>>> print(open('coords.txt').read())   # compact mmCIF, C-alpha atoms and all ligand atoms
# COMPACT_ATOMS: atom_id res chain seq x y z
CA MET A 30 -127.16 72.20 11.20
CA LYS A 31 -125.42 72.34 14.57
CA GLY A 32 -127.84 73.15 17.38
CA ASN A 33 -127.36 72.93 21.11
CA VAL A 34 -124.98 70.41 22.58
CA GLN A 35 -127.03 67.66 24.21
CA ILE A 36 -124.35 65.12 25.03
CA ARG A 37 -120.76 65.97 25.93
CA SER A 38 -118.28 63.12 26.25
CA GLN A 39 -115.13 64.48 27.86
CA ASN A 40 -111.98 62.37 28.13
CA VAL A 41 -114.02 59.26 28.77
CA ASN A 42 -112.06 56.12 29.60
CA LEU A 43 -113.83 52.85 30.31
CA TYR A 44 -112.30 49.82 31.96
CA TYR A 45 -113.65 46.30 32.33
CA GLY A 46 -111.43 45.14 35.16
CA PRO A 47 -107.88 45.80 33.99
CA ALA A 48 -108.83 46.09 30.30
CA LYS A 49 -109.14 49.63 29.00
CA VAL A 50 -111.74 49.52 26.23
CA LEU A 51 -112.46 53.23 25.70
CA LYS A 52 -109.62 55.72 25.47
CA ASP A 53 -110.09 59.41 25.94
CA ILE A 54 -113.36 59.69 24.04
CA THR A 55 -114.11 63.38 23.58
CA PHE A 56 -116.86 64.76 21.39
CA ASP A 57 -120.19 66.61 21.50
CA ILE A 58 -123.52 65.48 20.09
CA PHE A 59 -126.08 68.07 19.09
CA ASP A 60 -129.77 67.95 19.84
CA HIS A 61 -132.23 66.84 17.17
CA THR A 62 -129.57 65.14 15.12
CA VAL A 63 -128.94 61.52 14.24
CA THR A 64 -125.39 60.40 15.00
CA ALA A 65 -124.14 57.06 13.68
CA LEU A 66 -121.43 55.15 15.54
CA ILE A 67 -119.42 52.94 13.20
CA GLY A 68 -116.32 50.80 13.54
CA PRO A 69 -115.17 47.18 13.58
CA SER A 70 -116.49 44.63 16.04
CA GLY A 71 -115.07 45.11 19.52
CA CYS A 72 -114.01 48.76 19.02
CA GLY A 73 -116.24 49.98 21.87
CA LYS A 74 -119.39 51.34 20.21
CA SER A 75 -121.85 49.54 22.49
CA SER A 76 -119.68 50.24 25.52
CA TRP A 77 -119.71 53.98 24.87
CA LEU A 78 -123.46 53.89 24.19
CA ARG A 79 -124.02 52.13 27.52
CA CYS A 80 -122.09 54.88 29.31
CA LEU A 81 -124.81 57.33 28.27
CA ASN A 82 -127.54 55.80 30.42
CA ARG A 83 -125.23 54.17 32.94
CA MET A 84 -126.03 50.65 31.80
CA ASN A 85 -122.39 49.83 32.53
CA ASP A 86 -123.30 50.21 36.22
CA TYR A 87 -124.65 46.66 35.95
CA ILE A 88 -121.37 45.19 34.71
CA ALA A 89 -119.16 44.02 37.57
CA GLY A 90 -115.71 45.54 37.27
CA ALA A 91 -116.75 48.29 34.83
CA ARG A 92 -115.33 51.70 35.69
CA VAL A 93 -115.81 55.02 33.91
CA GLU A 94 -113.37 57.94 34.05
CA GLY A 95 -113.89 61.38 32.60
CA GLU A 96 -117.22 63.11 32.25
CA ILE A 97 -120.43 62.62 30.37
CA LEU A 98 -122.70 65.64 30.44
CA ILE A 99 -126.28 65.50 29.29
CA ASP A 100 -127.82 68.94 29.01
CA GLU A 101 -124.74 70.10 30.93
CA HIS A 102 -125.43 67.81 33.89
CA ASP A 103 -122.70 65.31 34.81
CA ILE A 104 -124.58 62.01 34.75
CA TYR A 105 -121.92 60.33 36.91
CA ALA A 106 -122.24 63.00 39.62
CA ARG A 107 -123.26 61.69 43.01
CA ASP A 108 -126.63 63.47 42.96
CA THR A 109 -127.71 61.93 39.64
CA ASP A 110 -131.09 60.26 39.74
CA VAL A 111 -130.34 57.17 37.63
CA ILE A 112 -134.02 56.30 37.21
CA ALA A 113 -134.73 59.76 35.83
CA LEU A 114 -131.63 59.52 33.64
CA ARG A 115 -132.88 56.29 32.06
CA ARG A 116 -136.30 57.82 31.49
CA ASN A 117 -134.55 60.63 29.65
CA VAL A 118 -132.26 58.35 27.67
CA GLY A 119 -134.24 55.53 26.07
CA MET A 120 -132.67 52.47 24.53
CA VAL A 121 -133.51 50.05 21.72
CA PHE A 122 -131.50 46.86 21.30
CA GLN A 123 -130.30 44.69 18.46
CA LYS A 124 -132.89 41.96 18.95
CA PRO A 125 -136.48 43.12 19.35
CA ASN A 126 -137.35 42.30 22.96
CA PRO A 127 -141.01 43.06 23.64
CA PHE A 128 -142.18 42.06 27.10
CA PRO A 129 -144.47 38.98 27.22
CA MET A 130 -147.58 41.09 27.61
CA SER A 131 -150.08 42.92 25.41
CA ILE A 132 -149.08 45.58 22.89
CA TYR A 133 -150.84 48.16 25.06
CA ASP A 134 -149.09 47.06 28.24
CA ASN A 135 -145.69 47.05 26.55
CA VAL A 136 -146.05 50.74 25.73
CA ALA A 137 -147.75 51.66 29.02
CA TYR A 138 -145.08 49.87 31.04
CA GLY A 139 -142.65 52.78 31.47
CA PRO A 140 -145.28 55.46 32.16
CA ARG A 141 -146.94 53.16 34.73
CA LEU A 142 -143.59 52.55 36.38
CA HIS A 143 -143.20 56.30 36.66
CA GLY A 144 -146.60 56.66 38.31
CA VAL A 145 -149.11 57.38 35.53
CA ARG A 146 -152.36 55.70 36.61
CA SER A 147 -155.23 57.34 34.74
CA ARG A 148 -156.60 55.14 31.98
CA GLU A 149 -157.37 58.14 29.83
CA GLN A 150 -153.84 59.47 30.14
CA LEU A 151 -152.34 56.05 29.42
CA ASP A 152 -154.58 55.63 26.36
CA GLY A 153 -153.25 58.93 25.06
CA ILE A 154 -149.62 57.99 25.68
CA VAL A 155 -150.04 54.56 24.05
CA GLU A 156 -151.62 56.02 20.91
CA ARG A 157 -149.10 58.85 20.63
CA SER A 158 -146.14 56.50 21.11
CA LEU A 159 -147.41 53.92 18.62
CA ARG A 160 -148.04 56.68 16.10
CA GLY A 161 -144.56 58.04 16.77
CA ALA A 162 -143.12 54.61 16.06
CA ALA A 163 -145.17 54.28 12.84
CA LEU A 164 -147.02 51.25 14.18
CA TRP A 165 -150.44 52.60 15.16
CA THR A 166 -152.41 51.79 12.02
CA GLU A 167 -151.16 48.20 12.05
CA VAL A 168 -152.06 47.46 15.67
CA LYS A 169 -154.83 49.84 16.72
CA ASP A 170 -157.46 47.10 16.48
CA LYS A 171 -155.48 44.54 18.46
CA LEU A 172 -153.93 46.44 21.33
CA THR A 173 -154.75 43.62 23.73
CA SER A 174 -152.90 40.98 21.66
CA SER A 175 -149.47 39.86 22.74
CA GLY A 176 -146.49 41.94 21.58
CA ILE A 177 -144.66 38.72 20.89
CA GLY A 178 -147.17 37.82 18.17
CA LEU A 179 -146.01 40.66 15.93
CA SER A 180 -143.49 40.32 13.08
CA GLY A 181 -139.84 41.10 13.80
CA GLY A 182 -140.05 44.55 12.23
CA GLN A 183 -143.27 45.33 14.07
CA GLN A 184 -141.74 44.11 17.34
CA GLN A 185 -138.81 46.47 16.84
CA ARG A 186 -141.21 49.38 16.21
CA LEU A 187 -143.08 48.31 19.35
CA CYS A 188 -139.79 48.53 21.26
CA ILE A 189 -139.27 52.01 19.83
CA ALA A 190 -142.81 52.95 20.95
CA ARG A 191 -142.01 51.59 24.41
CA ALA A 192 -138.80 53.61 24.50
CA ILE A 193 -140.44 56.89 23.49
CA ALA A 194 -143.48 56.45 25.77
CA THR A 195 -141.64 58.06 28.68
CA GLU A 196 -140.79 61.05 26.48
CA PRO A 197 -137.02 60.76 26.59
CA LYS A 198 -134.84 63.43 24.99
CA ILE A 199 -132.31 60.92 23.73
CA LEU A 200 -132.85 57.62 21.98
CA LEU A 201 -129.99 55.11 21.82
CA MET A 202 -130.23 52.36 19.22
CA ASP A 203 -127.68 49.55 19.14
CA GLU A 204 -127.83 47.89 15.70
CA PRO A 205 -131.64 48.11 15.69
CA THR A 206 -132.08 46.57 12.24
CA SER A 207 -129.50 43.81 12.19
CA ALA A 208 -132.14 41.16 12.88
CA LEU A 209 -134.60 42.52 10.30
CA ASP A 210 -135.28 41.94 6.61
CA PRO A 211 -134.69 44.73 4.04
CA MET A 212 -138.31 45.94 4.04
CA ALA A 213 -138.52 46.15 7.82
CA THR A 214 -135.09 47.81 7.84
CA ALA A 215 -136.24 50.45 5.38
CA ARG A 216 -139.23 51.26 7.59
CA ILE A 217 -137.03 51.67 10.65
CA GLU A 218 -134.61 53.87 8.72
CA GLU A 219 -137.45 56.10 7.60
CA LEU A 220 -138.66 56.22 11.17
CA VAL A 221 -135.20 57.14 12.51
CA ARG A 222 -135.03 60.12 10.16
CA ASP A 223 -138.45 61.16 11.41
CA LEU A 224 -137.64 60.65 15.11
CA LYS A 225 -135.03 63.41 15.16
CA LYS A 226 -137.81 66.00 15.03
CA ASN A 227 -138.54 65.05 18.63
CA PHE A 228 -135.43 63.24 19.84
CA THR A 229 -131.66 63.15 19.61
CA VAL A 230 -130.78 59.78 18.15
CA VAL A 231 -127.52 57.86 18.51
CA ILE A 232 -127.44 54.70 16.41
CA VAL A 233 -124.81 51.99 16.15
CA THR A 234 -124.62 50.28 12.77
CA HIS A 235 -122.34 47.98 10.83
CA ASN A 236 -124.06 48.98 7.63
CA MET A 237 -122.25 51.89 5.95
CA GLN A 238 -125.17 52.59 3.61
CA GLN A 239 -127.43 52.80 6.61
CA ALA A 240 -125.13 55.25 8.37
CA ALA A 241 -125.00 57.35 5.21
CA ARG A 242 -128.79 57.22 4.77
CA VAL A 243 -129.97 58.04 8.26
CA SER A 244 -127.34 60.10 10.05
CA ASP A 245 -126.29 63.73 10.13
CA PHE A 246 -123.02 63.03 11.94
CA THR A 247 -120.84 59.94 12.03
CA ALA A 248 -118.31 58.88 14.65
CA PHE A 249 -115.72 56.28 13.64
CA PHE A 250 -114.33 54.18 16.50
CA LEU A 251 -111.28 51.94 16.26
CA LEU A 252 -109.69 49.91 19.07
CA GLY A 253 -111.38 51.97 21.76
CA GLU A 254 -110.47 55.33 20.23
CA LEU A 255 -112.57 57.89 18.43
CA VAL A 256 -110.68 58.31 15.18
CA GLU A 257 -112.94 60.78 13.43
CA TYR A 258 -116.25 62.54 14.06
CA GLU A 259 -117.70 64.65 11.33
CA VAL A 260 -120.73 65.52 9.26
CA THR A 261 -121.75 62.24 7.63
CA THR A 262 -121.41 63.44 4.04
CA LYS A 263 -117.83 64.55 4.80
CA ILE A 264 -116.93 61.21 6.44
CA PHE A 265 -118.20 59.30 3.43
CA THR A 266 -116.75 61.53 0.72
CA ALA A 267 -113.58 63.07 2.13
CA PRO A 268 -112.53 61.61 5.49
CA ASP A 269 -109.50 63.23 7.10
CA ASP A 270 -108.02 60.04 8.49
CA LYS A 271 -106.62 57.25 6.34
CA ARG A 272 -108.03 54.68 8.79
CA THR A 273 -111.55 56.04 8.30
CA GLU A 274 -111.17 55.82 4.56
CA ASP A 275 -109.89 52.25 4.78
CA TYR A 276 -112.83 51.25 6.94
CA ILE A 277 -115.61 52.85 4.91
CA THR A 278 -114.19 51.51 1.67
CA GLY A 279 -114.19 48.02 3.17
CA ARG A 280 -110.47 47.52 3.37
CA PHE A 281 -110.75 46.20 6.91
CA GLY A 282 -113.29 45.47 9.62
N1 LIG A 301 -119.32 42.98 29.90
C1 LIG A 301 -118.07 43.00 29.44
N2 LIG A 301 -117.06 42.56 30.22
C2 LIG A 301 -115.77 42.56 29.78
N3 LIG A 301 -115.41 43.02 28.57
C3 LIG A 301 -116.38 43.46 27.75
C4 LIG A 301 -117.75 43.47 28.14
N4 LIG A 301 -118.48 43.98 27.11
C5 LIG A 301 -117.60 44.27 26.14
N5 LIG A 301 -116.34 43.96 26.50
C6 LIG A 301 -115.12 44.16 25.71
O1 LIG A 301 -115.00 45.55 25.44
C7 LIG A 301 -114.57 45.76 24.12
C8 LIG A 301 -115.58 46.63 23.39
O2 LIG A 301 -116.77 45.89 23.23
P1 LIG A 301 -118.12 46.51 22.65
O3 LIG A 301 -119.17 45.50 22.84
O4 LIG A 301 -118.31 47.85 23.20
O5 LIG A 301 -117.74 46.62 21.08
P2 LIG A 301 -118.65 46.98 19.83
O6 LIG A 301 -117.94 48.03 19.07
O7 LIG A 301 -120.04 47.27 20.27
O8 LIG A 301 -118.63 45.62 18.99
P3 LIG A 301 -119.76 44.92 18.08
O9 LIG A 301 -119.75 45.69 16.80
O10 LIG A 301 -119.26 43.52 17.90
O11 LIG A 301 -121.05 44.99 18.81
C9 LIG A 301 -114.36 44.40 23.49
O12 LIG A 301 -113.00 44.08 23.62
C10 LIG A 301 -115.21 43.50 24.34
O13 LIG A 301 -114.67 42.20 24.38
MG MG A 302 -121.88 46.34 19.96
>>> encode(input="coords.txt", output="structure tokens")
Amino acid sequence: MKGNVQIRSQNVNLYYGPAKVLKDITFDIFDHTVTALIGPSGCGKSSWLRCLNRMNDYIAGARVEGEILIDEHDIYARDTDVIALRRNVGMVFQKPNPFPMSIYDNVAYGPRLHGVRSREQLDGIVERSLRGAALWTEVKDKLTSSGIGLSGGQQQRLCIARAIATEPKILLMDEPTSALDPMATARIEELVRDLKKNFTVVIVTHNMQQAARVSDFTAFFLLGELVEYEVTTKIFTAPDDKRTEDYITGRFG
């Protein structure tokens, strides 16, 4: 199952001011896989995820040590084009956050920002992205309606469409279903499994069943450390570390 390494995290430490919240995080993520990040609240999952597209740049006092390589390029190197990085590493958040504009414009937003002007080209991107996010058939007749008028689950799929419209290689999802009902969650999970054909997906979840259902690899974080990273079936059936076992069996967290 292991393919090419797409993301290398090498001895990554992250500080918020004096507080060290990530400690020596070292592991590789392979392309066209789904990797689940699990661990108790505050263990650093979102912080590590934000390192991957340099979202932590926006947090005053945040400082990253070590290296993160994407396709072997050090994304913290001085010559990194951060705009291009973020185009390559899309992100979907916990709460669906469509822009207050039409469904069409939500999806066309990124491509327009990156200079795509032709209507024909944009039409193609919008349709392809909405199909990729399993939303096309539901919205194809109301592309000019507001994105905010959709249901929560549809809004989240719209956000996924928006994220994939710029053709990223990597898709980061931070608890993408925690605000959704079971039906909408099931649709997103099905979609996540499908997305790995075209993308490398890293998903944070507090739901162990979800991690087991959607991911190929699972990384267990605890107190800013990476305790265990393994094939998901191994993590959930025969973890090496006692702390992993305690967490997945619900003994803490
Ligand atoms: N902007 C920030 N400034 C200062 N400290 C922060 C900031 N964001 C997070 N932290 C701290 O960093 C640590 C890791 O937080 P992070 O949000 O990465 O955890 P998490 O694993 O995503 O938790 P959760 O499951 O609750 O989302 C916590 O101690 C948190 O309080
Ligand atoms: Mg978080």
>>> closest_residue(input="coords.txt", among="A:Ile132, A:Val111, A:Ile88, A:Val221", to="Tyr45 in chain A", atoms="only C-alpha atoms")
A:Ile88
>>> residues_around(input="coords.txt", residues="Leu220 in chain A", least_positions_apart="5", cutoff="10 Å", atoms="only C-alpha atoms", output="PDB file with C-alpha atoms, keeping the file's coordinate frame")
ATOM      1  CA  GLY A 161    -144.560  58.040  16.770  1.00  0.00           C
ATOM      2  CA  ALA A 162    -143.120  54.610  16.060  1.00  0.00           C
ATOM      3  CA  ALA A 163    -145.170  54.280  12.840  1.00  0.00           C
ATOM      4  CA  ARG A 186    -141.210  49.380  16.210  1.00  0.00           C
ATOM      5  CA  ILE A 189    -139.270  52.010  19.830  1.00  0.00           C
ATOM      6  CA  THR A 214    -135.090  47.810   7.840  1.00  0.00           C
ATOM      7  CA  ALA A 215    -136.240  50.450   5.380  1.00  0.00           C
ATOM      8  CA  LYS A 225    -135.030  63.410  15.160  1.00  0.00           C
ATOM      9  CA  VAL A 243    -129.970  58.040   8.260  1.00  0.00           C
TER      10      VAL A 243
END
>>> residues_near_ligand(input="coords.txt", ligand="ligand MG 302 (chain A)", cutoff="10 Å", atoms="all atoms listed in the file", output="PyMOL selection string")
chain A and resi 66-79+122-123+203-204+233-235
>>> atom_distance(input="coords.txt", atom1="CA of Tyr276 in chain A", atom2="atom O3 of ligand LIG 301 (chain A)")
18.1 Å
>>> atom_distance(input="coords.txt", atom1="CA of Ala65 in chain A", atom2="CA of Ala89 in chain A")
27.7 Å
>>> closest_residue(input="coords.txt", among="A:Val34, A:Ile154, A:Leu179, A:Ala106", to="Asp60 in chain A", atoms="all atoms listed in the file")
A:Val34
>>> atom_distance(input="coords.txt", atom1="CA of Asn236 in chain A", atom2="CA of Ser207 in chain A")
8.8 Å
>>> build_atoms(input="coords.txt", residues="range 121-132 of chain A", atoms="all heavy atoms", output="PDB file, in the frame of the given file")
ATOM      1  N   VAL A 121    -132.960  51.116  22.555  1.00  0.00           N
ATOM      2  CA  VAL A 121    -133.510  50.050  21.720  1.00  0.00           C
ATOM      3  C   VAL A 121    -132.361  49.127  21.346  1.00  0.00           C
ATOM      4  O   VAL A 121    -131.293  49.598  20.952  1.00  0.00           O
ATOM      5  CB  VAL A 121    -134.169  50.636  20.443  1.00  0.00           C
ATOM      6  CG1 VAL A 121    -134.658  49.530  19.520  1.00  0.00           C
ATOM      7  CG2 VAL A 121    -135.311  51.575  20.811  1.00  0.00           C
ATOM      8  N   PHE A 122    -132.593  47.824  21.467  1.00  0.00           N
ATOM      9  CA  PHE A 122    -131.500  46.860  21.300  1.00  0.00           C
ATOM     10  C   PHE A 122    -131.532  46.185  19.937  1.00  0.00           C
ATOM     11  O   PHE A 122    -132.459  46.352  19.153  1.00  0.00           O
ATOM     12  CB  PHE A 122    -131.562  45.828  22.421  1.00  0.00           C
ATOM     13  CG  PHE A 122    -131.424  46.438  23.783  1.00  0.00           C
ATOM     14  CD1 PHE A 122    -132.528  46.913  24.479  1.00  0.00           C
ATOM     15  CD2 PHE A 122    -130.174  46.576  24.371  1.00  0.00           C
ATOM     16  CE1 PHE A 122    -132.405  47.492  25.743  1.00  0.00           C
ATOM     17  CE2 PHE A 122    -130.033  47.151  25.622  1.00  0.00           C
ATOM     18  CZ  PHE A 122    -131.146  47.612  26.307  1.00  0.00           C
ATOM     19  N   GLN A 123    -130.492  45.387  19.730  1.00  0.00           N
ATOM     20  CA  GLN A 123    -130.300  44.690  18.460  1.00  0.00           C
ATOM     21  C   GLN A 123    -131.465  43.740  18.152  1.00  0.00           C
ATOM     22  O   GLN A 123    -132.039  43.762  17.081  1.00  0.00           O
ATOM     23  CB  GLN A 123    -128.993  43.919  18.573  1.00  0.00           C
ATOM     24  CG  GLN A 123    -128.571  43.189  17.350  1.00  0.00           C
ATOM     25  CD  GLN A 123    -127.118  42.718  17.480  1.00  0.00           C
ATOM     26  OE1 GLN A 123    -126.439  42.990  18.478  1.00  0.00           O
ATOM     27  NE2 GLN A 123    -126.649  42.027  16.483  1.00  0.00           N
ATOM     28  N   LYS A 124    -131.788  42.894  19.152  1.00  0.00           N
ATOM     29  CA  LYS A 124    -132.890  41.960  18.950  1.00  0.00           C
ATOM     30  C   LYS A 124    -134.144  42.551  19.555  1.00  0.00           C
ATOM     31  O   LYS A 124    -134.132  42.947  20.722  1.00  0.00           O
ATOM     32  CB  LYS A 124    -132.578  40.614  19.619  1.00  0.00           C
ATOM     33  CG  LYS A 124    -131.846  39.660  18.681  1.00  0.00           C
ATOM     34  CD  LYS A 124    -131.505  38.351  19.355  1.00  0.00           C
ATOM     35  CE  LYS A 124    -132.739  37.548  19.739  1.00  0.00           C
ATOM     36  NZ  LYS A 124    -132.340  36.346  20.528  1.00  0.00           N
ATOM     37  N   PRO A 125    -135.239  42.604  18.771  1.00  0.00           N
ATOM     38  CA  PRO A 125    -136.480  43.120  19.350  1.00  0.00           C
ATOM     39  C   PRO A 125    -136.810  42.320  20.614  1.00  0.00           C
ATOM     40  O   PRO A 125    -136.753  41.098  20.595  1.00  0.00           O
ATOM     41  CB  PRO A 125    -137.528  42.869  18.257  1.00  0.00           C
ATOM     42  CG  PRO A 125    -136.778  42.596  17.005  1.00  0.00           C
ATOM     43  CD  PRO A 125    -135.407  42.121  17.384  1.00  0.00           C
ATOM     44  N   ASN A 126    -137.096  42.998  21.700  1.00  0.00           N
ATOM     45  CA  ASN A 126    -137.350  42.300  22.960  1.00  0.00           C
ATOM     46  C   ASN A 126    -138.611  42.799  23.658  1.00  0.00           C
ATOM     47  O   ASN A 126    -138.554  43.286  24.778  1.00  0.00           O
ATOM     48  CB  ASN A 126    -136.126  42.452  23.899  1.00  0.00           C
ATOM     49  CG  ASN A 126    -135.811  43.908  24.202  1.00  0.00           C
ATOM     50  OD1 ASN A 126    -136.348  44.809  23.561  1.00  0.00           O
ATOM     51  ND2 ASN A 126    -134.966  44.165  25.176  1.00  0.00           N
ATOM     52  N   PRO A 127    -139.782  42.658  22.960  1.00  0.00           N
ATOM     53  CA  PRO A 127    -141.010  43.060  23.640  1.00  0.00           C
ATOM     54  C   PRO A 127    -141.212  42.224  24.901  1.00  0.00           C
ATOM     55  O   PRO A 127    -140.748  41.090  24.974  1.00  0.00           O
ATOM     56  CB  PRO A 127    -142.117  42.775  22.625  1.00  0.00           C
ATOM     57  CG  PRO A 127    -141.516  42.058  21.493  1.00  0.00           C
ATOM     58  CD  PRO A 127    -140.027  42.066  21.639  1.00  0.00           C
ATOM     59  N   PHE A 128    -141.859  42.827  25.905  1.00  0.00           N
ATOM     60  CA  PHE A 128    -142.180  42.060  27.100  1.00  0.00           C
ATOM     61  C   PHE A 128    -143.310  41.088  26.765  1.00  0.00           C
ATOM     62  O   PHE A 128    -144.123  41.358  25.879  1.00  0.00           O
ATOM     63  CB  PHE A 128    -142.641  43.001  28.228  1.00  0.00           C
ATOM     64  CG  PHE A 128    -141.607  44.017  28.633  1.00  0.00           C
ATOM     65  CD1 PHE A 128    -141.989  45.321  28.926  1.00  0.00           C
ATOM     66  CD2 PHE A 128    -140.259  43.679  28.730  1.00  0.00           C
ATOM     67  CE1 PHE A 128    -141.045  46.271  29.312  1.00  0.00           C
ATOM     68  CE2 PHE A 128    -139.312  44.627  29.113  1.00  0.00           C
ATOM     69  CZ  PHE A 128    -139.713  45.923  29.404  1.00  0.00           C
ATOM     70  N   PRO A 129    -143.389  39.942  27.481  1.00  0.00           N
ATOM     71  CA  PRO A 129    -144.470  38.980  27.220  1.00  0.00           C
ATOM     72  C   PRO A 129    -145.789  39.472  27.787  1.00  0.00           C
ATOM     73  O   PRO A 129    -146.295  38.943  28.764  1.00  0.00           O
ATOM     74  CB  PRO A 129    -143.970  37.707  27.921  1.00  0.00           C
ATOM     75  CG  PRO A 129    -143.057  38.194  28.986  1.00  0.00           C
ATOM     76  CD  PRO A 129    -142.461  39.492  28.512  1.00  0.00           C
ATOM     77  N   MET A 130    -146.305  40.514  27.171  1.00  0.00           N
ATOM     78  CA  MET A 130    -147.580  41.090  27.610  1.00  0.00           C
ATOM     79  C   MET A 130    -148.220  41.758  26.391  1.00  0.00           C
ATOM     80  O   MET A 130    -147.649  41.709  25.295  1.00  0.00           O
ATOM     81  CB  MET A 130    -147.355  42.086  28.756  1.00  0.00           C
ATOM     82  CG  MET A 130    -146.294  43.125  28.480  1.00  0.00           C
ATOM     83  SD  MET A 130    -146.018  44.330  29.826  1.00  0.00           S
ATOM     84  CE  MET A 130    -145.057  43.431  30.998  1.00  0.00           C
ATOM     85  N   SER A 131    -149.379  42.364  26.573  1.00  0.00           N
ATOM     86  CA  SER A 131    -150.080  42.920  25.410  1.00  0.00           C
ATOM     87  C   SER A 131    -149.316  44.109  24.818  1.00  0.00           C
ATOM     88  O   SER A 131    -148.444  44.695  25.459  1.00  0.00           O
ATOM     89  CB  SER A 131    -151.482  43.385  25.823  1.00  0.00           C
ATOM     90  OG  SER A 131    -151.379  44.564  26.613  1.00  0.00           O
ATOM     91  N   ILE A 132    -149.684  44.427  23.571  1.00  0.00           N
ATOM     92  CA  ILE A 132    -149.080  45.580  22.890  1.00  0.00           C
ATOM     93  C   ILE A 132    -149.278  46.831  23.756  1.00  0.00           C
ATOM     94  O   ILE A 132    -148.335  47.592  24.003  1.00  0.00           O
ATOM     95  CB  ILE A 132    -149.726  45.745  21.493  1.00  0.00           C
ATOM     96  CG1 ILE A 132    -149.343  44.540  20.611  1.00  0.00           C
ATOM     97  CG2 ILE A 132    -149.337  47.071  20.849  1.00  0.00           C
ATOM     98  CD1 ILE A 132    -150.117  44.437  19.312  1.00  0.00           C
TER      99      ILE A 132
END
